[in-house]
$ cat data_33.cif   # mmCIF, C-alpha atoms and all ligand atoms
data_protein
loop_
_atom_site.label_atom_id
_atom_site.label_comp_id
_atom_site.auth_asym_id
_atom_site.auth_seq_id
_atom_site.Cartn_x
_atom_site.Cartn_y
_atom_site.Cartn_z
CA MET A 1 124.61 74.98 112.71
CA HIS A 2 122.80 76.72 115.56
CA HIS A 3 125.94 78.42 116.80
CA LEU A 4 127.38 79.09 113.33
CA TRP A 5 124.94 81.89 112.58
CA LYS A 6 125.51 83.40 116.02
CA ARG A 7 129.26 83.49 115.27
CA THR A 8 128.44 85.00 111.85
CA LEU A 9 126.51 87.80 113.52
CA LEU A 10 129.29 88.44 116.01
CA MET A 11 131.80 88.56 113.14
CA THR A 12 129.50 91.06 111.39
CA GLY A 13 129.46 93.12 114.58
CA ALA A 14 133.28 92.84 114.85
CA THR A 15 133.60 94.15 111.29
CA LEU A 16 131.77 97.30 112.34
CA LEU A 17 134.02 97.61 115.41
CA SER A 18 137.17 97.28 113.28
CA SER A 19 135.99 100.25 111.21
CA GLY A 20 135.89 102.28 114.42
CA ILE A 21 132.10 102.54 114.57
CA ALA A 22 131.03 101.06 117.87
CA TYR A 23 127.44 100.37 116.86
CA ALA A 24 125.72 97.18 117.93
CA GLN A 25 124.66 95.15 114.92
CA THR A 26 121.65 93.56 116.59
CA PRO A 27 119.57 94.20 119.71
CA ASP A 28 119.84 91.76 122.60
CA LEU A 29 117.75 89.10 120.89
CA SER A 30 115.78 86.26 122.45
CA ASP A 31 117.32 82.85 121.85
CA PRO A 32 115.21 80.58 119.65
CA PRO A 33 112.95 78.07 121.40
CA GLU A 34 114.59 74.72 122.15
CA ILE A 35 114.15 72.32 119.22
CA GLU A 36 111.71 69.63 120.26
CA GLY A 37 109.96 66.76 118.50
CA ASP A 38 110.84 63.34 117.26
CA THR A 39 113.59 62.60 114.79
CA VAL A 40 112.06 61.77 111.40
CA GLY A 41 112.86 58.60 109.48
CA ASP A 42 115.65 58.28 106.94
CA HIS A 43 114.16 59.30 103.58
CA GLY A 44 117.45 60.24 102.02
CA SER A 45 119.61 63.37 102.02
CA VAL A 46 118.08 66.66 100.88
CA THR A 47 119.74 70.05 100.37
CA LEU A 48 117.42 73.06 100.06
CA ARG A 49 118.64 76.42 98.66
CA MET A 50 116.76 79.40 100.13
CA GLY A 51 117.06 82.94 98.75
CA LEU A 52 116.32 86.00 100.91
CA GLY A 53 116.14 89.72 100.18
CA LEU A 54 117.54 91.00 103.47
CA ALA A 55 120.89 91.01 105.23
CA GLU A 56 122.47 88.51 107.66
CA SER A 57 121.59 90.74 110.64
CA SER A 58 117.85 90.80 109.76
CA PRO A 59 115.12 88.84 111.57
CA GLN A 60 114.36 87.26 108.19
CA TYR A 61 117.84 85.71 107.99
CA ILE A 62 118.24 84.83 111.69
CA SER A 63 114.91 83.01 111.79
CA SER A 64 115.77 81.19 108.56
CA GLN A 65 118.91 79.84 110.22
CA TYR A 66 116.71 78.60 113.06
CA PHE A 67 114.50 76.93 110.43
CA ALA A 68 117.65 75.25 109.07
CA ASP A 69 118.67 74.16 112.57
CA ILE A 70 115.29 72.50 113.23
CA LEU A 71 115.47 70.52 109.98
CA ASP A 72 119.12 69.61 110.55
CA GLN A 73 118.54 68.40 114.10
CA ARG A 74 115.25 66.53 113.56
CA SER A 75 116.55 64.79 110.43
CA GLU A 76 119.91 63.94 112.01
CA GLY A 77 121.65 66.01 109.38
CA ARG A 78 119.86 64.56 106.37
CA ILE A 79 118.02 67.83 105.53
CA THR A 80 120.34 70.80 104.93
CA VAL A 81 119.17 74.36 104.19
CA ASN A 82 121.68 76.75 102.60
CA VAL A 83 120.49 80.35 103.07
CA PHE A 84 121.55 83.06 100.56
CA PRO A 85 120.75 86.62 101.85
CA ASN A 86 121.07 90.14 100.39
CA SER A 87 119.04 89.43 97.22
CA GLN A 88 122.15 87.64 95.86
CA LEU A 89 119.99 85.04 94.04
CA GLY A 90 117.49 87.67 92.80
CA ASP A 91 114.68 89.87 94.05
CA ASP A 92 111.35 88.70 95.46
CA VAL A 93 109.59 88.52 92.09
CA GLN A 94 112.52 86.71 90.43
CA MET A 95 112.91 84.22 93.28
CA MET A 96 109.21 83.34 93.27
CA GLU A 97 109.52 82.66 89.54
CA MET A 98 112.58 80.49 90.27
CA LEU A 99 110.43 78.42 92.64
CA GLN A 100 107.93 77.90 89.85
CA THR A 101 110.62 76.66 87.45
CA GLY A 102 112.35 74.62 90.15
CA THR A 103 115.68 76.49 89.90
CA LEU A 104 115.39 77.56 93.56
CA ASP A 105 113.89 75.57 96.44
CA MET A 106 112.73 78.25 98.92
CA THR A 107 112.30 81.97 99.35
CA TYR A 108 110.72 84.34 101.86
CA PRO A 109 109.25 87.42 100.14
CA SER A 110 106.95 90.13 101.32
CA SER A 111 103.29 89.36 100.63
CA SER A 112 103.01 92.51 98.50
CA PRO A 113 104.74 91.31 95.30
CA ALA A 114 102.88 87.98 95.68
CA THR A 115 99.47 89.56 95.01
CA SER A 116 100.04 88.67 91.35
CA TYR A 117 99.55 85.02 92.46
CA VAL A 118 96.83 85.52 95.12
CA GLU A 119 95.04 88.87 94.78
CA GLU A 120 93.40 88.61 98.25
CA LEU A 121 96.87 89.12 99.79
CA ALA A 122 96.40 92.79 98.88
CA VAL A 123 94.25 93.09 102.02
CA PHE A 124 97.54 93.37 103.92
CA ASP A 125 98.53 96.34 101.72
CA LEU A 126 95.49 98.42 102.68
CA PRO A 127 96.87 101.46 104.52
CA PHE A 128 96.49 101.70 108.30
CA LEU A 129 94.37 98.52 108.36
CA LEU A 130 96.23 96.63 111.11
CA PRO A 131 97.27 99.08 113.84
CA THR A 132 98.92 96.66 116.26
CA ARG A 133 101.20 93.63 116.09
CA GLU A 134 98.55 91.63 118.00
CA ALA A 135 95.97 92.40 115.31
CA ALA A 136 98.46 91.61 112.56
CA VAL A 137 99.38 88.25 114.07
CA GLU A 138 95.70 87.35 114.58
CA ALA A 139 95.03 88.25 110.94
CA MET A 140 98.04 86.23 109.70
CA ARG A 141 96.94 83.20 111.75
CA SER A 142 93.26 83.44 110.71
CA ASP A 143 91.38 80.89 108.59
CA ALA A 144 91.10 83.56 105.90
CA ALA A 145 94.88 83.90 105.84
CA GLN A 146 95.31 80.11 105.62
CA GLU A 147 92.98 80.14 102.61
CA MET A 148 95.32 82.68 100.98
CA LEU A 149 98.29 80.37 101.59
CA ASP A 150 96.33 77.41 100.19
CA ALA A 151 95.40 79.47 97.11
CA PHE A 152 99.02 79.21 95.92
CA ASP A 153 98.56 75.46 95.33
CA GLY A 154 99.04 74.61 91.68
CA SER A 155 101.00 77.81 90.94
CA GLY A 156 104.35 76.04 91.36
CA ILE A 157 104.69 77.63 94.81
CA LYS A 158 103.66 76.09 98.13
CA ALA A 159 103.13 78.81 100.73
CA LEU A 160 104.00 77.52 104.19
CA ALA A 161 103.55 80.34 106.72
CA PHE A 162 103.10 84.06 107.29
CA SER A 163 105.54 86.00 109.47
CA GLU A 164 106.47 89.64 110.01
CA ASN A 165 108.20 92.00 107.66
CA GLY A 166 106.69 94.73 109.81
CA PHE A 167 105.21 98.19 110.07
CA ARG A 168 106.38 100.27 107.15
CA GLN A 169 107.89 103.72 107.74
CA LEU A 170 108.69 106.48 105.25
CA SER A 171 112.27 107.65 104.67
CA ASN A 172 113.57 110.24 102.21
CA SER A 173 116.59 112.38 101.41
CA ALA A 174 114.79 115.65 100.62
CA ARG A 175 112.85 116.98 103.61
CA GLU A 176 111.16 116.32 106.92
CA VAL A 177 107.69 114.85 106.41
CA SER A 178 104.85 115.10 108.95
CA SER A 179 101.85 115.59 106.63
CA PRO A 180 100.56 114.53 103.20
CA GLU A 181 101.34 118.08 102.06
CA ASP A 182 105.00 117.45 102.89
CA VAL A 183 104.89 114.36 100.64
CA ALA A 184 103.17 116.18 97.77
CA GLY A 185 105.16 119.38 98.12
CA LEU A 186 103.20 122.66 97.95
CA ASP A 187 105.78 124.89 96.31
CA VAL A 188 108.17 122.06 95.43
CA ARG A 189 107.68 118.80 93.49
CA GLY A 190 106.22 115.73 95.12
CA LEU A 191 108.64 113.18 96.54
CA THR A 192 109.65 110.32 94.22
CA ILE A 193 109.02 107.26 96.40
CA ARG A 194 110.11 103.73 95.53
CA THR A 195 107.36 101.22 96.15
CA MET A 196 107.19 97.45 96.01
CA GLU A 197 105.77 96.02 92.80
CA ASN A 198 102.20 96.13 94.07
CA PRO A 199 99.24 98.18 92.75
CA VAL A 200 97.86 99.11 96.19
CA HIS A 201 101.18 100.63 97.25
CA LEU A 202 101.23 102.61 93.99
CA ALA A 203 97.70 103.87 94.80
CA ILE A 204 98.70 104.86 98.33
CA TRP A 205 101.55 107.11 97.25
CA GLU A 206 99.60 108.54 94.34
CA ALA A 207 96.84 109.48 96.80
CA LEU A 208 99.48 111.22 98.91
CA GLY A 209 100.71 113.26 95.94
CA ALA A 210 104.05 111.48 95.56
CA ASN A 211 105.59 110.11 92.39
CA PRO A 212 105.59 106.35 93.13
CA THR A 213 108.25 104.24 91.37
CA PRO A 214 107.91 100.43 91.61
CA MET A 215 111.34 98.81 91.93
CA ALA A 216 112.92 95.56 93.11
CA PHE A 217 114.36 95.72 96.62
CA GLY A 218 117.86 94.80 95.40
CA GLU A 219 118.04 97.93 93.21
CA LEU A 220 116.83 100.32 95.90
CA PHE A 221 120.04 101.32 97.70
CA SER A 222 121.81 102.44 94.51
CA ALA A 223 118.65 104.21 93.28
CA MET A 224 118.58 106.27 96.48
CA GLU A 225 122.35 106.81 96.38
CA GLN A 226 122.12 108.13 92.81
CA GLY A 227 119.04 110.25 93.54
CA VAL A 228 116.84 108.26 91.14
CA VAL A 229 114.30 108.18 93.97
CA ASP A 230 113.99 110.54 96.94
CA GLY A 231 112.75 107.91 99.34
CA GLN A 232 111.26 104.55 100.13
CA GLU A 233 109.22 102.86 102.83
CA ASN A 234 110.15 99.84 104.90
CA PRO A 235 110.25 98.76 108.55
CA TRP A 236 112.93 100.42 110.70
CA SER A 237 114.80 97.10 110.95
CA THR A 238 115.14 96.93 107.15
CA ILE A 239 116.22 100.57 106.91
CA LEU A 240 118.90 99.76 109.50
CA THR A 241 120.09 96.30 108.40
CA SER A 242 120.18 97.33 104.70
CA ASN A 243 122.11 100.51 105.62
CA PHE A 244 119.54 102.82 104.02
CA TYR A 245 120.40 105.44 106.66
CA GLU A 246 123.61 106.05 104.73
CA VAL A 247 121.57 107.59 101.88
CA GLN A 248 118.38 108.72 103.69
CA GLU A 249 118.46 111.75 105.99
CA TYR A 250 114.84 111.88 107.11
CA GLY A 251 112.46 109.30 108.57
CA SER A 252 108.74 109.60 109.42
CA GLU A 253 107.04 107.12 111.76
CA THR A 254 103.99 106.61 109.53
CA ARG A 255 103.37 102.88 110.22
CA HIS A 256 101.19 103.13 107.13
CA VAL A 257 101.12 99.40 106.24
CA TYR A 258 101.89 96.16 108.12
CA THR A 259 103.54 93.78 105.64
CA PRO A 260 103.84 90.03 106.22
CA PHE A 261 106.55 87.74 104.88
CA ILE A 262 105.54 84.41 103.35
CA LYS A 263 107.87 81.41 103.66
CA MET A 264 107.58 79.50 100.39
CA ILE A 265 108.88 76.27 98.85
CA SER A 266 108.88 75.18 95.22
CA GLU A 267 106.09 72.68 94.50
CA ARG A 268 108.58 70.82 92.29
CA THR A 269 110.82 70.39 95.34
CA TRP A 270 107.90 69.71 97.68
CA ASP A 271 106.52 66.94 95.46
CA THR A 272 109.84 65.04 95.60
CA LEU A 273 109.83 64.91 99.41
CA ASP A 274 108.62 62.05 101.57
CA PRO A 275 105.42 63.02 103.47
CA GLU A 276 107.34 62.81 106.76
CA TYR A 277 109.85 65.39 105.48
CA GLN A 278 106.97 67.55 104.21
CA GLU A 279 105.32 67.46 107.64
CA LEU A 280 108.60 68.42 109.34
CA ILE A 281 109.22 71.30 106.93
CA GLN A 282 105.69 72.63 107.45
CA GLU A 283 106.07 72.41 111.24
CA ALA A 284 109.53 74.03 111.18
CA ALA A 285 108.26 76.84 108.93
CA LEU A 286 105.58 77.76 111.47
CA GLN A 287 108.02 77.56 114.39
CA ALA A 288 110.54 79.75 112.54
CA ALA A 289 107.75 82.17 111.57
CA ASP A 290 106.71 82.60 115.22
CA TYR A 291 110.35 83.16 116.19
CA GLU A 292 110.77 85.68 113.37
CA ILE A 293 107.79 87.69 114.66
CA GLN A 294 109.41 87.72 118.11
CA LEU A 295 112.73 88.89 116.64
CA SER A 296 111.04 91.55 114.53
CA SER A 297 109.24 92.92 117.57
CA GLU A 298 112.57 93.15 119.43
CA TYR A 299 114.17 94.91 116.45
CA ASP A 300 111.43 97.50 115.83
CA ASP A 301 111.91 100.40 118.27
CA TRP A 302 115.57 99.45 118.81
CA SER A 303 116.20 99.92 115.06
CA ARG A 304 114.54 103.35 115.07
CA ASN A 305 116.72 104.43 117.99
CA GLN A 306 119.83 103.08 116.25
CA LEU A 307 118.91 105.04 113.11
CA GLU A 308 118.71 108.25 115.14
CA GLU A 309 122.08 107.44 116.73
CA ARG A 310 123.47 107.04 113.21
CA GLY A 311 122.23 110.47 112.19
CA MET A 312 118.71 110.07 110.73
CA LYS A 313 116.23 112.79 111.69
CA ILE A 314 113.11 110.79 112.56
CA THR A 315 109.77 112.57 112.90
CA ARG A 316 107.23 110.93 115.19
CA LEU A 317 103.68 111.70 114.15
CA SER A 318 100.81 112.67 116.47
CA ASP A 319 97.40 110.96 116.27
CA GLU A 320 96.13 114.04 114.42
CA GLN A 321 98.98 113.87 111.89
CA ILE A 322 98.34 110.14 111.33
CA ALA A 323 94.63 110.94 110.87
CA ALA A 324 95.54 113.35 108.06
CA PHE A 325 97.39 110.53 106.27
CA GLN A 326 94.48 108.15 106.85
CA GLU A 327 92.04 110.66 105.35
CA ALA A 328 94.27 111.26 102.32
CA VAL A 329 94.46 107.54 101.49
CA GLN A 330 90.74 106.77 101.97
CA PRO A 331 90.28 106.62 98.14
CA VAL A 332 92.52 103.54 98.17
CA TYR A 333 89.85 101.68 100.16
CA ASP A 334 87.13 102.92 97.82
CA GLU A 335 88.99 101.43 94.86
CA TRP A 336 90.51 98.29 96.38
CA ALA A 337 88.14 96.98 99.07
CA PRO A 338 85.62 95.78 96.43
CA ARG A 339 88.43 94.16 94.39
CA ILE A 340 89.97 92.41 97.39
CA GLY A 341 86.58 91.39 98.86
CA GLU A 342 84.48 93.50 101.21
CA ASP A 343 83.92 90.56 103.59
CA LEU A 344 87.65 89.88 103.96
CA VAL A 345 88.38 93.57 104.52
CA ALA A 346 85.57 93.78 107.09
CA GLU A 347 86.89 90.67 108.89
CA PHE A 348 90.36 92.20 109.24
CA GLN A 349 88.87 95.58 110.26
CA GLN A 350 86.98 93.73 113.02
CA ILE A 351 90.23 92.09 114.17
CA ALA A 352 91.85 95.54 114.21
CA GLU A 353 89.02 97.15 116.19
CA SER A 354 88.97 94.31 118.73
CA SER A 355 92.71 94.66 119.28
CA MET A 356 92.27 98.34 120.10
CA THR A 357 89.64 97.66 122.78
CA GLU A 358 91.51 94.80 124.49
O1 LIG A 401 113.02 89.25 100.82
C1 LIG A 401 112.13 90.19 101.35
C2 LIG A 401 112.62 91.57 101.10
O2 LIG A 401 112.84 91.78 99.75
C3 LIG A 401 111.62 92.54 101.68
O3 LIG A 401 112.29 93.48 102.40
C4 LIG A 401 110.69 93.17 100.67
O4 LIG A 401 109.70 94.83 102.07
C5 LIG A 401 110.26 94.56 101.02
C6 LIG A 401 110.52 95.59 100.01
O5 LIG A 401 110.40 96.78 100.34
O6 LIG A 401 110.81 95.19 98.87
#
$ encode --input "data_33.cif" --output "structure tokens" --more "lines below"
Ligand code: KDG
Amino acid sequence: MHHLWKRTLLMTGATLLSSGIAYAQTPDLSDPPEIEGDTVGDHGSVTLRMGLGLAESSPQYISSQYFADILDQRSEGRITVNVFPNSQLGDDVQMMEMLQTGTLDMTYPSSSPATSYVEELAVFDLPFLLPTREAAVEAMRSDAAQEMLDAFDGSGIKALAFSENGFRQLSNSAREVSSPEDVAGLDVRGLTIRTMENPVHLAIWEALGANPTPMAFGELFSAMEQGVVDGQENPWSTILTSNFYEVQEYGSETRHVYTPFIKMISERTWDTLDPEYQELIQEAALQAADYEIQLSSEYDDWSRNQLEERGMKITRLSDEQIAAFQEAVQPVYDEWAPRIGEDLVAEFQQIAESSMTE
């Protein structure tokens, strides 16, 4: 299994080469850590179906194949994970509901649409809260974050681990953007921006004078292609691996939100598993999450550079320009910090400040 997904990626790359576009499909990625640990006992054969939103070349998919490899190897082939990318089984909201009904075993959504299950997750949606990957990882591995994962218990979803979707960047098809005024439009209409189905993201783009439009990820490419929305916001690696650059001319390095992924399993599935299989799945989820963060970090700047090579005009923002965005979205904190919990917000702000002084 380990080498199958590598061959898949190479085939994907070869497809691009056959079309005459000599673009690399992935950066030179770190190999996954060697799979260590004892083989678990024979508690029967299990096949887990996992639905993902992103493409085969994404860190989300590559790390999920590593997750599958760990389970395959440490169960001597008794635990199989079949991974379905590209939102083919549904979007994040639909797949979480499928976990609750038991019609899907696993999924790996952004934390943002999951705030309907655990409202404290919205702390990760607060704009410009976590400025560095180090701060984000410390926040995701904190006791407070573990309490958010535990808060899913009883919802039909067991949340196993946080990993990295990444720093979100603005893209659009209308104009270069380097200020909130460019988003709102002074003598032209405000940009229509697709957001995840999350109230804090709606508030952010309303505060910036845009017309926010919540929409499932799987509908986004065609909505941009048809001009239903002017733009969207996602990490560079998603904009690249989901080919958004084909329908988005402009990018702005806003890094306005750091979004985690959450690896999830259906409680109906979980409850059928022997405790030894449960322990292995939990351990593998954390190992795959750490690997995914590593992959995402290797994709980040490389993806932005690839997007420029493929024709996107990407505006890098100065500290002063970022400060103008931070000032414009301050009302989001005024509204949402009390709802999320001032203590939790303050704890993550402390993590952020410490990371800037280290
Ligand atoms: O499966 C996860 C994807 O759907 C993820 O990219 C979600 O960031 C996301 C978005 O913008 O919907």
$ atom_distance --input "data_33.cif" --atom1 "atom CA of A:Trp205" --atom2 "atom CA of A:Glu119"
19.5 Å
$ closest_residue --input "data_33.cif" --among "A:Ile281, A:Ala328, A:Leu240, A:Val345" --to "ligand LIG 401 (chain A)" --atoms "all atoms listed in the file"
A:Leu240
$ residues_near_ligand --input "data_33.cif" --ligand "ligand LIG 401 (chain A)" --cutoff "8 Å" --atoms "only C-alpha atoms and all ligand atoms" --output "PDB file with C-alpha atoms, keeping the file's coordinate frame"
ATOM      1  CA  GLY A  51     117.060  82.940  98.750  1.00  0.00           C
ATOM      2  CA  LEU A  52     116.320  86.000 100.910  1.00  0.00           C
ATOM      3  CA  GLY A  53     116.140  89.720 100.180  1.00  0.00           C
ATOM      4  CA  LEU A  54     117.540  91.000 103.470  1.00  0.00           C
ATOM      5  CA  GLN A  60     114.360  87.260 108.190  1.00  0.00           C
ATOM      6  CA  SER A  87     119.040  89.430  97.220  1.00  0.00           C
ATOM      7  CA  ASP A  91     114.680  89.870  94.050  1.00  0.00           C
ATOM      8  CA  ASP A  92     111.350  88.700  95.460  1.00  0.00           C
ATOM      9  CA  THR A 107     112.300  81.970  99.350  1.00  0.00           C
ATOM     10  CA  TYR A 108     110.720  84.340 101.860  1.00  0.00           C
ATOM     11  CA  PRO A 109     109.250  87.420 100.140  1.00  0.00           C
ATOM     12  CA  SER A 110     106.950  90.130 101.320  1.00  0.00           C
ATOM     13  CA  SER A 112     103.010  92.510  98.500  1.00  0.00           C
ATOM     14  CA  ASN A 165     108.200  92.000 107.660  1.00  0.00           C
ATOM     15  CA  THR A 195     107.360 101.220  96.150  1.00  0.00           C
ATOM     16  CA  MET A 196     107.190  97.450  96.010  1.00  0.00           C
ATOM     17  CA  GLU A 197     105.770  96.020  92.800  1.00  0.00           C
ATOM     18  CA  MET A 215     111.340  98.810  91.930  1.00  0.00           C
ATOM     19  CA  ALA A 216     112.920  95.560  93.110  1.00  0.00           C
ATOM     20  CA  PHE A 217     114.360  95.720  96.620  1.00  0.00           C
ATOM     21  CA  GLY A 218     117.860  94.800  95.400  1.00  0.00           C
ATOM     22  CA  GLN A 232     111.260 104.550 100.130  1.00  0.00           C
ATOM     23  CA  GLU A 233     109.220 102.860 102.830  1.00  0.00           C
ATOM     24  CA  ASN A 234     110.150  99.840 104.900  1.00  0.00           C
ATOM     25  CA  PRO A 235     110.250  98.760 108.550  1.00  0.00           C
ATOM     26  CA  THR A 238     115.140  96.930 107.150  1.00  0.00           C
ATOM     27  CA  THR A 259     103.540  93.780 105.640  1.00  0.00           C
ATOM     28  CA  PHE A 261     106.550  87.740 104.880  1.00  0.00           C
TER      29      PHE A 261
END
$ closest_atom_pairs --input "data_33.cif" --of "stretch 275-330 of chain A" --to "stretch 68-80 of chain A" --cutoff "9 Å" --atoms "all atoms listed in the file" --output "tab-separated table"
residue	atom	partner	partner_atom	distance
A:Tyr277	CA	A:Ser75	CA	8.4
A:Leu280	CA	A:Leu71	CA	7.2
A:Ile281	CA	A:Leu71	CA	7.0
A:Ala284	CA	A:Ile70	CA	6.3
A:Gln287	CA	A:Ile70	CA	8.9
A:Ala288	CA	A:Ile70	CA	8.7
$ write_last_selection --input "data_33.cif" --atoms "C-alpha atoms" --output "PDB file, in the frame of the given file"
ATOM      1  CA  TYR A 277     109.850  65.390 105.480  1.00  0.00           C
ATOM      2  CA  LEU A 280     108.600  68.420 109.340  1.00  0.00           C
ATOM      3  CA  ILE A 281     109.220  71.300 106.930  1.00  0.00           C
ATOM      4  CA  ALA A 284     109.530  74.030 111.180  1.00  0.00           C
ATOM      5  CA  GLN A 287     108.020  77.560 114.390  1.00  0.00           C
ATOM      6  CA  ALA A 288     110.540  79.750 112.540  1.00  0.00           C
TER       7      ALA A 288
END
$ closest_residue --input "data_33.cif" --among "A:Val40, A:Ala324, A:Ala139, A:Leu48" --to "A:Glu276" --atoms "all atoms listed in the file"
A:Val40
$ residues_around --input "data_33.cif" --residues "A:Asp271" --least-positions-apart "2" --cutoff "12 Å" --atoms "all atoms listed in the file" --output "JSON, numbers by chain"
{"A": [102, 105, 153, 154, 156, 157, 158, 265, 266, 267, 268, 269, 273, 274, 275, 277, 278]}
$ residues_around --input "data_33.cif" --residues "A:Leu149" --least-positions-apart "6" --cutoff "8 Å" --atoms "all atoms listed in the file" --output "MDAnalysis selection string"
chainID A and resid 158:161
$ closest_residue --input "data_33.cif" --among "A:Asn198, A:Ser178, A:Ser242, A:Ser64" --to "A:Val93" --atoms "all atoms listed in the file"
A:Asn198
$ residues_around --input "data_33.cif" --residues "A:Gly251" --least-positions-apart "3" --cutoff "10 Å" --atoms "only C-alpha atoms" --output "PyMOL selection string"
chain A and resi 169-173+175-178+231-233+236+239+245+248+254+304+307-308+312-316
$ decode --input "data_33.cif" --residues "stretch 167-207 of chain A" --atoms "C-alpha atoms" --output "PDB file, in the first residue's frame"
ATOM      1  CA  PHE A 167      -3.074  29.482   6.568  1.00  0.00           C
ATOM      2  CA  ARG A 168      -5.921  30.783   4.458  1.00  0.00           C
ATOM      3  CA  GLN A 169      -5.221  33.170   1.569  1.00  0.00           C
ATOM      4  CA  LEU A 170      -7.635  35.244  -0.507  1.00  0.00           C
ATOM      5  CA  SER A 171      -8.060  34.656  -4.241  1.00  0.00           C
ATOM      6  CA  ASN A 172     -10.426  36.353  -6.679  1.00  0.00           C
ATOM      7  CA  SER A 173     -11.080  36.873 -10.377  1.00  0.00           C
ATOM      8  CA  ALA A 174     -11.895  40.604 -10.292  1.00  0.00           C
ATOM      9  CA  ARG A 175      -8.964  42.688  -9.057  1.00  0.00           C
ATOM     10  CA  GLU A 176      -5.731  42.888  -7.109  1.00  0.00           C
ATOM     11  CA  VAL A 177      -6.399  43.158  -3.376  1.00  0.00           C
ATOM     12  CA  SER A 178      -3.977  44.690  -0.860  1.00  0.00           C
ATOM     13  CA  SER A 179      -6.403  46.482   1.484  1.00  0.00           C
ATOM     14  CA  PRO A 180      -9.890  46.108   2.978  1.00  0.00           C
ATOM     15  CA  GLU A 181     -10.949  48.903   0.616  1.00  0.00           C
ATOM     16  CA  ASP A 182      -9.987  46.682  -2.320  1.00  0.00           C
ATOM     17  CA  VAL A 183     -12.281  43.967  -0.909  1.00  0.00           C
ATOM     18  CA  ALA A 184     -15.197  46.354  -0.325  1.00  0.00           C
ATOM     19  CA  GLY A 185     -14.722  48.301  -3.536  1.00  0.00           C
ATOM     20  CA  LEU A 186     -14.919  52.109  -3.300  1.00  0.00           C
ATOM     21  CA  ASP A 187     -16.429  52.916  -6.674  1.00  0.00           C
ATOM     22  CA  VAL A 188     -17.251  49.294  -7.546  1.00  0.00           C
ATOM     23  CA  ARG A 189     -19.259  46.609  -5.703  1.00  0.00           C
ATOM     24  CA  GLY A 190     -17.725  44.548  -2.938  1.00  0.00           C
ATOM     25  CA  LEU A 191     -16.250  41.185  -3.871  1.00  0.00           C
ATOM     26  CA  THR A 192     -18.566  38.170  -3.565  1.00  0.00           C
ATOM     27  CA  ILE A 193     -16.460  35.743  -1.516  1.00  0.00           C
ATOM     28  CA  ARG A 194     -17.331  32.099  -0.914  1.00  0.00           C
ATOM     29  CA  THR A 195     -16.855  31.115   2.694  1.00  0.00           C
ATOM     30  CA  MET A 196     -17.051  27.837   4.557  1.00  0.00           C
ATOM     31  CA  GLU A 197     -20.338  27.204   6.342  1.00  0.00           C
ATOM     32  CA  ASN A 198     -19.213  28.932   9.515  1.00  0.00           C
ATOM     33  CA  PRO A 199     -20.613  32.096  11.162  1.00  0.00           C
ATOM     34  CA  VAL A 200     -17.224  33.575  12.102  1.00  0.00           C
ATOM     35  CA  HIS A 201     -16.006  33.417   8.504  1.00  0.00           C
ATOM     36  CA  LEU A 202     -19.237  35.140   7.430  1.00  0.00           C
ATOM     37  CA  ALA A 203     -18.553  37.869  10.021  1.00  0.00           C
ATOM     38  CA  ILE A 204     -14.965  38.322   8.834  1.00  0.00           C
ATOM     39  CA  TRP A 205     -15.903  39.015   5.223  1.00  0.00           C
ATOM     40  CA  GLU A 206     -18.871  41.162   6.186  1.00  0.00           C
ATOM     41  CA  ALA A 207     -16.512  43.267   8.319  1.00  0.00           C
TER      42      ALA A 207
END
